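Asker: Sharing upload27.txt, compact mmCIF, C-alpha atoms:
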```txt
# COMPACT_ATOMS: atom_id res chain seq x y z
CA MET A 160 -30.62 1.36 -11.35
CA THR A 161 -31.34 2.50 -14.91
CA GLY A 162 -28.58 2.88 -17.44
CA LYS A 163 -29.15 6.62 -17.60
CA ALA A 164 -28.88 7.03 -13.84
CA GLY A 165 -25.74 4.93 -13.75
CA ASP A 166 -24.18 7.04 -16.51
CA GLN A 167 -24.96 10.23 -14.57
CA ILE A 168 -23.30 8.90 -11.39
CA SER A 169 -20.25 7.82 -13.38
CA GLU A 170 -20.07 11.27 -14.96
CA PHE A 171 -20.23 12.93 -11.52
CA HIS A 172 -17.37 10.74 -10.26
CA GLN A 173 -15.23 11.65 -13.25
CA GLN A 174 -15.36 15.30 -12.20
CA LEU A 175 -13.16 14.54 -9.18
CA PRO A 176 -9.52 15.66 -9.69
CA GLY A 177 -8.08 12.22 -8.92
CA PRO A 178 -9.04 8.61 -8.39
CA ARG A 179 -12.33 7.76 -6.75
CA LEU A 180 -11.58 7.35 -3.06
CA GLY A 181 -14.19 5.85 -0.81
CA VAL A 182 -14.38 4.76 2.82
CA GLY A 183 -11.32 6.00 4.69
CA MET A 184 -11.31 9.57 3.44
CA ASP A 185 -11.73 12.29 6.03
CA CYS A 186 -14.67 13.73 4.08
CA CYS A 187 -17.04 12.64 1.38
CA VAL A 188 -16.63 14.59 -1.87
CA ILE A 189 -19.86 14.65 -3.87
CA PRO A 190 -19.78 16.22 -7.38
CA LEU A 191 -22.84 18.40 -7.90
CA ARG A 192 -24.90 18.63 -11.07
CA HIS A 193 -24.15 22.27 -11.78
CA GLY A 194 -21.08 24.39 -12.35
CA GLY A 195 -18.25 21.93 -11.66
CA LEU A 196 -18.82 22.22 -7.90
CA SER A 197 -18.53 19.54 -5.22
CA LEU A 198 -20.23 19.16 -1.85
CA VAL A 199 -17.66 18.24 0.80
CA GLN A 200 -19.17 16.94 4.00
CA THR A 201 -18.15 15.22 7.22
CA THR A 202 -19.64 14.17 10.55
CA ASP A 203 -18.24 13.07 13.90
CA PHE A 204 -19.30 12.75 17.54
CA PHE A 205 -17.91 11.37 20.80
CA TYR A 206 -18.26 11.35 24.58
CA PRO A 207 -16.87 14.11 26.83
CA LEU A 208 -13.25 13.66 27.86
CA VAL A 209 -12.44 16.90 29.72
CA GLU A 210 -14.06 18.39 32.81
CA ASP A 211 -14.82 21.84 31.39
CA PRO A 212 -18.14 21.73 29.45
CA TYR A 213 -17.34 24.88 27.46
CA MET A 214 -13.96 23.52 26.33
CA MET A 215 -15.61 20.20 25.52
CA GLY A 216 -17.92 22.02 23.13
CA ARG A 217 -14.98 23.73 21.47
CA ILE A 218 -13.08 20.45 21.15
CA ALA A 219 -16.07 18.74 19.57
CA CYS A 220 -16.44 21.49 16.98
CA ALA A 221 -12.71 21.58 16.22
CA ASN A 222 -12.76 17.82 15.75
CA VAL A 223 -15.60 17.99 13.20
CA LEU A 224 -14.03 20.86 11.23
CA SER A 225 -10.65 19.12 11.23
CA ASP A 226 -11.82 16.69 8.55
CA LEU A 227 -12.41 19.61 6.18
CA TYR A 228 -9.07 21.16 7.09
CA ALA A 229 -7.32 17.86 6.33
CA MET A 230 -8.32 18.36 2.70
CA GLY A 231 -6.98 21.91 2.65
CA ILE A 232 -10.45 23.43 2.92
CA THR A 233 -10.41 26.60 5.00
CA GLU A 234 -14.06 27.66 4.74
CA CYS A 235 -17.18 25.89 6.00
CA ASP A 236 -20.61 26.91 4.70
CA ASN A 237 -22.71 25.35 7.44
CA MET A 238 -22.59 23.27 10.62
CA LEU A 239 -25.16 21.16 12.43
CA MET A 240 -24.77 20.16 16.07
CA LEU A 241 -25.53 16.66 17.37
CA LEU A 242 -26.19 16.58 21.10
CA SER A 243 -27.19 13.82 23.47
CA VAL A 244 -28.37 14.91 26.91
CA SER A 245 -27.83 12.37 29.68
CA GLN A 246 -31.00 11.18 31.39
CA ARG A 247 -28.87 10.53 34.47
CA MET A 248 -28.21 14.24 35.03
CA ASN A 249 -30.47 16.14 37.38
CA ASP A 250 -32.20 19.26 36.09
CA LYS A 251 -29.78 21.63 37.82
CA ASP A 252 -26.67 20.02 36.33
CA ARG A 253 -28.30 19.73 32.91
CA GLU A 254 -29.19 23.42 32.87
CA ARG A 255 -25.63 24.36 33.82
CA VAL A 256 -23.63 21.95 31.66
CA MET A 257 -25.46 21.68 28.35
CA PRO A 258 -25.66 25.42 27.55
CA LEU A 259 -21.92 25.71 28.15
CA MET A 260 -21.19 22.86 25.75
CA ILE A 261 -23.45 24.42 23.13
CA ARG A 262 -21.78 27.82 23.58
CA GLY A 263 -18.30 26.30 23.23
CA PHE A 264 -19.31 24.52 20.03
CA ARG A 265 -20.82 27.68 18.56
CA ASP A 266 -17.86 29.86 19.56
CA ALA A 267 -15.43 27.49 17.84
CA ALA A 268 -17.65 27.45 14.74
CA GLU A 269 -17.62 31.25 14.71
CA GLU A 270 -13.83 31.24 15.04
CA GLY A 271 -13.78 28.99 11.96
CA GLY A 272 -15.83 31.49 10.00
CA THR A 273 -19.05 29.47 10.00
CA SER A 274 -22.19 29.08 12.08
CA VAL A 275 -24.43 26.39 13.53
CA THR A 276 -27.86 26.52 11.88
CA GLY A 277 -29.52 23.44 13.35
CA GLY A 278 -28.99 19.87 14.44
CA GLN A 279 -30.55 17.22 16.65
CA THR A 280 -30.85 16.79 20.42
CA VAL A 281 -31.88 13.52 22.07
CA ILE A 282 -32.12 12.05 25.57
CA ASN A 283 -29.62 9.26 26.16
CA PRO A 284 -27.88 7.47 29.05
CA TRP A 285 -24.66 9.28 28.09
CA ILE A 286 -23.65 12.77 27.05
CA ILE A 287 -22.57 12.81 23.40
CA ILE A 288 -21.57 15.83 21.34
CA GLY A 289 -20.62 16.19 17.70
CA GLY A 290 -21.80 17.66 14.45
CA VAL A 291 -21.84 17.87 10.69
CA ALA A 292 -19.77 20.27 8.56
CA SER A 293 -20.63 21.03 4.94
CA VAL A 294 -19.12 23.20 2.22
CA VAL A 295 -19.59 23.60 -1.53
CA CYS A 296 -16.18 23.86 -3.22
CA GLN A 297 -14.52 24.47 -6.52
CA PRO A 298 -11.80 21.93 -7.39
CA ASN A 299 -8.97 24.33 -6.49
CA GLU A 300 -10.28 24.73 -2.94
CA PHE A 301 -9.49 21.21 -1.77
CA ILE A 302 -6.48 18.90 -1.97
CA MET A 303 -7.24 15.25 -2.61
CA PRO A 304 -5.25 13.08 -0.15
CA ASP A 305 -3.51 10.91 -2.74
CA GLY A 306 -0.59 12.81 -4.26
CA ALA A 307 2.43 11.91 -2.08
CA VAL A 308 5.66 11.19 -3.96
CA PRO A 309 9.00 9.70 -2.87
CA GLY A 310 11.14 12.45 -1.35
CA ASP A 311 8.24 14.20 0.36
CA VAL A 312 8.53 15.07 4.04
CA LEU A 313 5.95 14.25 6.72
CA VAL A 314 4.92 17.09 9.03
CA LEU A 315 2.68 16.94 12.12
CA THR A 316 0.96 20.09 13.37
CA LYS A 317 0.04 19.16 16.98
CA PRO A 318 1.91 17.16 19.63
CA LEU A 319 0.83 13.64 20.52
CA GLY A 320 -0.16 12.40 23.98
CA THR A 321 -3.62 13.87 24.56
CA GLN A 322 -5.11 10.55 25.66
CA VAL A 323 -2.28 9.97 28.14
CA ALA A 324 -2.62 13.50 29.53
CA VAL A 325 -6.38 13.19 30.05
CA ASN A 326 -6.04 9.81 31.75
CA ALA A 327 -3.15 10.93 33.96
CA HIS A 328 -5.22 13.88 35.12
CA GLN A 329 -8.04 11.54 36.14
CA TRP A 330 -5.54 9.42 38.07
CA LEU A 331 -4.69 12.33 40.38
CA ASP A 332 -7.75 11.26 42.39
CA GLN A 333 -7.09 7.51 42.06
CA PRO A 334 -4.21 6.56 44.42
CA GLU A 335 -3.79 3.05 42.99
CA ARG A 336 -3.19 4.39 39.49
CA TRP A 337 -1.28 7.50 40.59
CA ASN A 338 1.22 5.33 42.46
CA LYS A 339 2.23 3.74 39.12
CA ILE A 340 3.35 7.04 37.62
CA LYS A 341 4.32 9.30 40.56
CA LEU A 342 8.01 8.42 40.24
CA VAL A 343 8.22 9.83 36.69
CA VAL A 344 5.98 12.90 36.88
CA THR A 345 4.77 15.48 39.42
CA LYS A 346 1.17 16.47 40.00
CA GLU A 347 1.94 19.94 38.68
CA GLU A 348 3.37 18.49 35.46
CA VAL A 349 0.25 16.37 35.01
CA LYS A 350 -1.97 19.43 35.45
CA GLU A 351 0.11 21.40 32.95
CA ALA A 352 -0.02 18.54 30.44
CA TYR A 353 -3.79 18.26 30.86
CA GLN A 354 -4.23 21.98 30.20
CA GLU A 355 -1.99 21.71 27.15
CA ALA A 356 -3.94 18.73 25.83
CA MET A 357 -7.24 20.55 26.34
CA PHE A 358 -6.13 23.72 24.56
CA SER A 359 -4.45 21.73 21.79
CA MET A 360 -7.62 19.71 21.14
CA ALA A 361 -9.67 22.93 21.07
CA THR A 362 -7.36 24.60 18.55
CA LEU A 363 -8.61 24.65 14.96
CA ASN A 364 -6.40 23.22 12.21
CA ARG A 365 -7.47 26.06 9.93
CA THR A 366 -4.04 27.72 9.72
CA ALA A 367 -2.45 24.44 8.64
CA ALA A 368 -5.15 23.98 6.00
CA ALA A 369 -4.37 27.37 4.47
CA LEU A 370 -0.62 26.71 4.51
CA MET A 371 -1.16 23.39 2.71
CA HIS A 372 -2.04 25.42 -0.39
CA LYS A 373 0.77 27.95 0.05
CA PHE A 374 3.42 25.23 0.33
CA GLN A 375 1.97 22.78 -2.24
CA ALA A 376 0.99 19.90 0.06
CA HIS A 377 0.48 16.59 -1.75
CA ALA A 378 -1.78 14.84 0.80
CA ALA A 379 -2.92 15.08 4.41
CA THR A 380 -5.12 13.57 7.08
CA ASP A 381 -5.96 14.45 10.68
CA VAL A 382 -4.69 12.33 13.56
CA THR A 383 -7.53 11.18 15.81
CA GLY A 384 -8.86 7.90 17.20
CA PHE A 385 -6.58 5.45 15.37
CA GLY A 386 -3.43 7.19 16.55
CA LEU A 387 -0.56 8.51 14.46
CA LEU A 388 0.40 5.18 12.89
CA GLY A 389 -3.18 4.16 12.17
CA HIS A 390 -3.94 7.36 10.30
CA ALA A 391 -0.55 7.37 8.57
CA ASN A 392 -1.25 3.84 7.33
CA ASN A 393 -4.69 4.86 6.13
CA LEU A 394 -3.24 7.82 4.23
CA ALA A 395 -0.48 5.69 2.72
CA THR A 396 -2.97 3.17 1.32
CA GLN A 397 -4.79 5.95 -0.55
CA GLN A 398 -1.78 7.14 -2.53
CA GLN A 399 -1.67 6.93 -6.32
CA ASN A 400 2.08 6.30 -6.26
CA GLU A 401 3.74 3.29 -4.68
CA VAL A 402 5.08 4.98 -1.56
CA ALA A 403 5.72 4.23 2.11
CA PHE A 404 5.75 6.58 5.07
CA VAL A 405 8.66 6.27 7.51
CA ILE A 406 8.30 8.12 10.82
CA HIS A 407 11.51 9.04 12.71
CA ASN A 408 10.39 11.70 15.21
CA LEU A 409 7.52 11.78 17.71
CA PRO A 410 6.59 15.22 19.15
CA ILE A 411 4.87 14.41 22.44
CA ILE A 412 3.52 16.58 25.25
CA ALA A 413 6.25 16.67 27.90
CA LYS A 414 6.35 13.71 30.34
CA MET A 415 3.63 11.76 28.51
CA ALA A 416 6.15 9.32 27.02
CA ALA A 417 7.50 8.61 30.52
CA ILE A 418 3.98 8.03 31.84
CA SER A 419 3.21 5.66 28.99
CA LYS A 420 6.36 3.63 29.75
CA ALA A 421 5.58 3.60 33.48
CA CYS A 422 2.17 2.11 32.70
CA GLY A 423 3.77 -0.83 30.92
CA ASN A 424 3.16 0.78 27.54
CA ALA A 425 -0.60 0.44 28.03
CA PHE A 426 -1.24 3.39 25.68
CA SER A 427 1.17 2.26 22.92
CA LEU A 428 2.12 5.92 22.56
CA LEU A 429 5.63 5.34 21.23
CA GLN A 430 4.24 2.76 18.79
CA GLY A 431 1.89 5.37 17.33
CA ARG A 432 -1.31 3.62 18.39
CA SER A 433 -2.42 5.87 21.24
CA SER A 434 -5.75 7.54 20.41
CA GLU A 435 -5.78 11.28 19.91
CA THR A 436 -8.79 13.59 19.90
CA SER A 437 -8.89 16.59 17.58
CA GLY A 438 -5.21 15.99 16.80
CA GLY A 439 -3.02 17.75 14.30
CA LEU A 440 -2.76 17.35 10.55
CA LEU A 441 -0.27 14.85 9.14
CA VAL A 442 0.86 16.54 5.92
CA CYS A 443 2.97 15.30 2.99
CA LEU A 444 5.01 18.26 1.72
CA PRO A 445 7.75 18.72 -0.89
CA ARG A 446 11.09 18.51 0.90
CA GLU A 447 12.02 22.08 0.01
CA GLN A 448 8.77 23.41 1.50
CA ALA A 449 8.58 21.49 4.79
CA ALA A 450 10.83 23.69 6.94
CA LYS A 451 9.12 26.84 5.68
CA PHE A 452 5.72 25.33 6.47
CA CYS A 453 6.84 24.56 10.04
CA SER A 454 8.33 28.01 10.50
CA GLU A 455 5.18 29.75 9.34
CA MET A 456 2.99 27.49 11.47
CA LYS A 457 5.02 28.45 14.53
CA SER A 458 4.97 32.17 13.77
CA GLN A 459 1.23 32.23 13.05
CA SER A 460 0.27 30.14 16.08
CA SER A 461 2.44 32.06 18.56
CA GLY A 462 0.26 34.35 20.62
CA VAL A 463 -2.99 33.34 18.90
CA GLY A 464 -5.77 31.78 20.95
CA GLY A 465 -3.52 31.13 23.90
CA GLN A 466 -0.90 29.43 21.76
CA GLY A 467 2.61 29.34 23.13
CA THR A 468 5.56 27.01 22.77
CA ALA A 469 3.29 24.09 21.97
CA GLY A 470 2.01 25.80 18.84
CA GLY A 471 3.76 25.00 15.58
CA ALA A 472 4.65 21.95 13.53
CA TRP A 473 7.33 19.28 13.44
CA ILE A 474 9.03 17.32 10.68
CA ILE A 475 8.49 13.71 11.71
CA GLY A 476 9.45 11.54 8.74
CA ILE A 477 9.82 10.96 5.02
CA VAL A 478 8.01 9.45 2.07
CA GLU A 479 9.95 6.82 0.16
CA LYS A 480 9.19 4.28 -2.54
CA GLY A 481 7.26 1.41 -0.99
CA ASP A 482 4.12 -0.67 -0.57
CA ARG A 483 1.62 1.98 0.62
CA HIS A 484 2.18 1.36 4.32
CA ALA A 485 3.53 3.42 7.21
CA ARG A 486 5.97 2.48 9.93
CA ILE A 487 7.75 4.03 12.90
CA ILE A 488 11.45 3.22 13.21
CA ASP A 489 12.56 1.08 16.17
CA LYS A 490 13.99 3.95 18.22
CA PRO A 491 12.22 7.14 17.18
CA ARG A 492 13.47 10.47 18.49
CA ILE A 493 11.11 11.78 21.18
CA ILE A 494 10.59 15.55 20.99
CA GLU A 495 9.37 16.70 24.41
CA VAL A 496 6.90 19.53 23.77
CA ALA A 497 6.65 21.82 26.80
CA PRO A 498 3.07 22.82 27.69
CA ARG A 499 2.30 26.46 27.07
CA GLY A 500 2.60 28.49 30.26
CA SER A 501 4.98 26.02 31.88
CA GLN A 502 8.40 27.11 33.13
CA ALA A 503 10.08 25.12 30.37
CA ALA A 504 7.91 26.78 27.72
CA ASN A 505 8.66 30.24 29.04
CA GLN A 506 12.40 29.56 28.77
CA GLU A 507 12.15 28.15 25.28
CA ASN A 508 12.63 30.75 22.56
CA SER A 509 14.51 28.68 20.00
CA PRO A 510 12.88 27.57 16.70
CA ALA A 511 11.33 24.13 16.21
CA PRO A 512 13.85 21.26 16.50
CA SER A 513 15.67 20.40 13.30
CA PRO A 514 14.68 17.03 11.86
CA ASN A 515 16.64 13.86 12.42
CA LEU A 516 15.84 11.76 9.38
CA SER A 517 18.97 9.65 9.24
```
Please go through the file and, once you have read it, give me the structure as structure tokens.
Answerer:
Amino acid sequence: MTGKAGDQISEFHQQLPGPRLGVGMDCCVIPLRHGGLSLVQTTDFFYPLVEDPYMMGRIACANVLSDLYAMGITECDNMLMLLSVSQRMNDKDRERVMPLMIRGFRDAAEEGGTSVTGGQTVINPWIIIGGVASVVCQPNEFIMPDGAVPGDVLVLTKPLGTQVAVNAHQWLDQPERWNKIKLVVTKEEVKEAYQEAMFSMATLNRTAAALMHKFQAHAATDVTGFGLLGHANNLATQQQNEVAFVIHNLPIIAKMAAISKACGNAFSLLQGRSSETSGGLLVCLPREQAAKFCSEMKSQSSGVGGQGTAGGAWIIGIVEKGDRHARIIDKPRIIEVAPRGSQAANQENSPAPSPNLS
């Protein structure tokens, strides 16, 4: 690399409003040569995990966009779709399933105010779906995930337990596995939890991204494959200040904690290591703003896109002085989140539970 080229790259990096953060960020932030703008870009893909191809397309799109939303970005300039068509599918199934997945992905992109302009399709042993999201931003349009300070409050915008719900639903047709959990949950409760997980995963985090600006969020990430604790740890390590994240409350789709315990803690749900797909945003907010953020999340999500009781946000912990790590206390408070449409949800009209941070 020539000295001139190296100087140009260094100059681009200096345009970022914060330290240079590398692998581990939800998006790459690339300073452009003109006008103080940055290209923010992300990509993700995975295998289907729900039975409905249309909803799977929506979930995949929501999951890609979530990385932008985690940086407080509410607009996306362009999306590409990545699609792998299984060679094991017969022509009839392929012609039914793949168009539905594509339509779901495109509909979710449209809901997010963007469109799919291209991508790549390949033949593969497995179905895979994902995409790329890109946007050109001014510095005030994104929030670098490194500004948490002691005294901040941690807020989560979707309930945990999606992996448990999806697996439990599959076990309805597997007597050996169902017998392990049938004493703690009914088949109807499993079906309700599965529906809740599916709609939660398909819900965009766009509202939360907008509210991050309104309520002066200091940092955020989205909770996906590494689980709550994994992503909290990753976010903590990126902070400029010497802070630690302490998690006291775990909002979990109703009955999923009981299922996890009945399985011998195979999912590590209560330890924060259970994988989530297209999970909520974990946001560091000033203490005086956190309750207002949660209240507005609940009011804006209620009645939108099928949202019900499960929509909203929960205060789950605090930021204190520490060694840039995250931990969950030994006996966290479990907040049972009733699936939308369930009898419990229909009876529940009270505001989000008040935090227990003692």
Asker: Around (-18.6, 19.8, 1.4) in the file's own coordinates, what residues are found within 9 Å if you use all atoms listed in the file, given back as a ChimeraX atom specification?
Answerer: /A:186-189,197-201,227,235-236,292-296
Asker: List as an MDAnalysis selection string the protein and nucleic acid residues near stretch 385-396 of chain A, meaning an atom at most 6 Å away when only C-alpha atoms are counted, but skip any in the same chain fewer than 4 places from it.
Answerer: chainID A and resid 431:435 483:485
Asker: Quick check, in Å to one decimal: how far apart do atom CA of A:Thr273 and atom CA of A:Met240 lie?
Answerer: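 Pair atom CA of A:Thr273 / atom CA of A:Met240 returns 12.5 Å.
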Asker: Hey, what's within 8 Å of A:Gln279 if we count all atoms listed in the file and toss same-chain stuff fewer than 3 positions away? As a ChimeraX atom specification, please?
Answerer: /A:239-242
Asker: Can you tell me, as lines of an AutoDock Vina configuration file, the centre and edge lengths (Å, one decimal) of the axis-aligned box enclosing all of stretch 382-385 of chain A's listed atoms after padding each side by 6 Å?
Answerer:
```
center_x = -6.8
center_y = 8.9
center_z = 15.4
size_x = 16.2
size_y = 18.9
size_z = 15.6
```
Asker: Could you name the residues that touch A:Ile288 at 10 Å or less, counting only C-alpha atoms, but leaving out those on the same chain fewer than 3 positions away, as a list in words?
Answerer: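 Residues meeting the cut-off are Asp203, Phe204, Phe205, Tyr206, Pro207, Met215, Gly216, Ile218, Ala219, Cys220, Met240, Leu241, Leu242, Ser243, Val244, Met257, Met260, Ile261, Phe264, Thr280 and Trp285 of chain A.
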Asker: I'd like the neighbourhood of A:Gly195 as a VMD selection string, where a residue qualifies if any of its atoms comes within 9 Å (using all atoms listed in the file), though same-chain residues fewer than 2 positions away should be ignored.
Answerer: chain A and resid 174 190 to 193 197 296 to 298
Asker: Just to confirm, what's the straight-line distance from atom CA of A:Asn237 to atom CA of A:Asp305 in Å (one decimal)?
Answerer: 26.1 Å
Asker: Mind giving me the straight-line distance from atom CA of A:Met360 to atom CA of A:Ser437 in Å, one decimal?
Answerer: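 About the pair atom CA of A:Met360 and atom CA of A:Ser437: they are 4.9 Å apart.
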Asker: In terms of the shortest atom-to-atom distance over all atoms listed in the file, which of A:Lys346, A:Lys317, A:Arg217, A:His407 is closest to A:Arg486?
Answerer: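 Distance minimum relative to A:Arg486 lands on A:His407.
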Asker: Would you give me, as a Markdown table, each residue of stretch 286-403 of chain A having an atom within 10 Å of an atom of stretch 441-461 of chain A, along with its shortest atom pair and that distance in Å to one decimal, using all atoms listed in the file and sorting by chain and residue number?
Answerer:
```
| residue | atom | partner | partner_atom | distance |
| --- | --- | --- | --- | --- |
| A:Pro304 | CA | A:Cys443 | CA | 9.1 |
| A:Asp305 | CA | A:Cys443 | CA | 9.7 |
| A:Gly306 | CA | A:Cys443 | CA | 8.5 |
| A:Ala307 | CA | A:Cys443 | CA | 6.1 |
| A:Val308 | CA | A:Pro445 | CA | 8.4 |
| A:Pro309 | CA | A:Pro445 | CA | 9.3 |
| A:Gly310 | CA | A:Arg446 | CA | 6.5 |
| A:Asp311 | CA | A:Pro445 | CA | 4.7 |
| A:Val312 | CA | A:Leu444 | CA | 5.3 |
| A:Leu313 | CA | A:Cys443 | CA | 4.9 |
| A:Val314 | CA | A:Val442 | CA | 5.1 |
| A:Leu315 | CA | A:Leu441 | CA | 4.7 |
| A:Thr316 | CA | A:Leu441 | CA | 6.8 |
| A:Lys317 | CA | A:Leu441 | CA | 9.0 |
| A:Thr362 | CA | A:Ser460 | CA | 9.7 |
| A:Thr366 | CA | A:Met456 | CA | 7.2 |
| A:Ala367 | CA | A:Met456 | CA | 6.8 |
| A:Ala368 | CA | A:Val442 | CA | 9.6 |
| A:Leu370 | CA | A:Phe452 | CA | 6.8 |
| A:Met371 | CA | A:Val442 | CA | 7.8 |
| A:Lys373 | CA | A:Phe452 | CA | 8.5 |
| A:Phe374 | CA | A:Gln448 | CA | 5.8 |
| A:Gln375 | CA | A:Leu444 | CA | 6.7 |
| A:Ala376 | CA | A:Leu444 | CA | 4.6 |
| A:His377 | CA | A:Cys443 | CA | 5.5 |
| A:Ala378 | CA | A:Cys443 | CA | 5.3 |
| A:Ala379 | CA | A:Val442 | CA | 4.3 |
| A:Thr380 | CA | A:Leu441 | CA | 5.4 |
| A:Asp381 | CA | A:Leu441 | CA | 5.9 |
| A:Val382 | CA | A:Leu441 | CA | 6.7 |
| A:Leu387 | CA | A:Leu441 | CA | 8.3 |
| A:His390 | CA | A:Leu441 | CA | 8.4 |
| A:Ala391 | CA | A:Leu441 | CA | 7.5 |
| A:Leu394 | CA | A:Leu441 | CA | 9.1 |
```
Asker: Would you mind telling me which residue in A:Ile494, A:Ala472, A:Ile282, A:Leu319 lies nearest to A:Arg253 when using only C-alpha atoms?
Answerer: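 Distance minimum relative to A:Arg253 lands on A:Ile282.
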Asker: Compare A:Ala267, A:Ala221, A:Ile232, A:Met214 by their minimum atom-to-atom distance to A:Thr383, counting all atoms listed in the file, and give me the closest one.
Answerer: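 Among the listed residues, A:Ala221 lies closest to A:Thr383.
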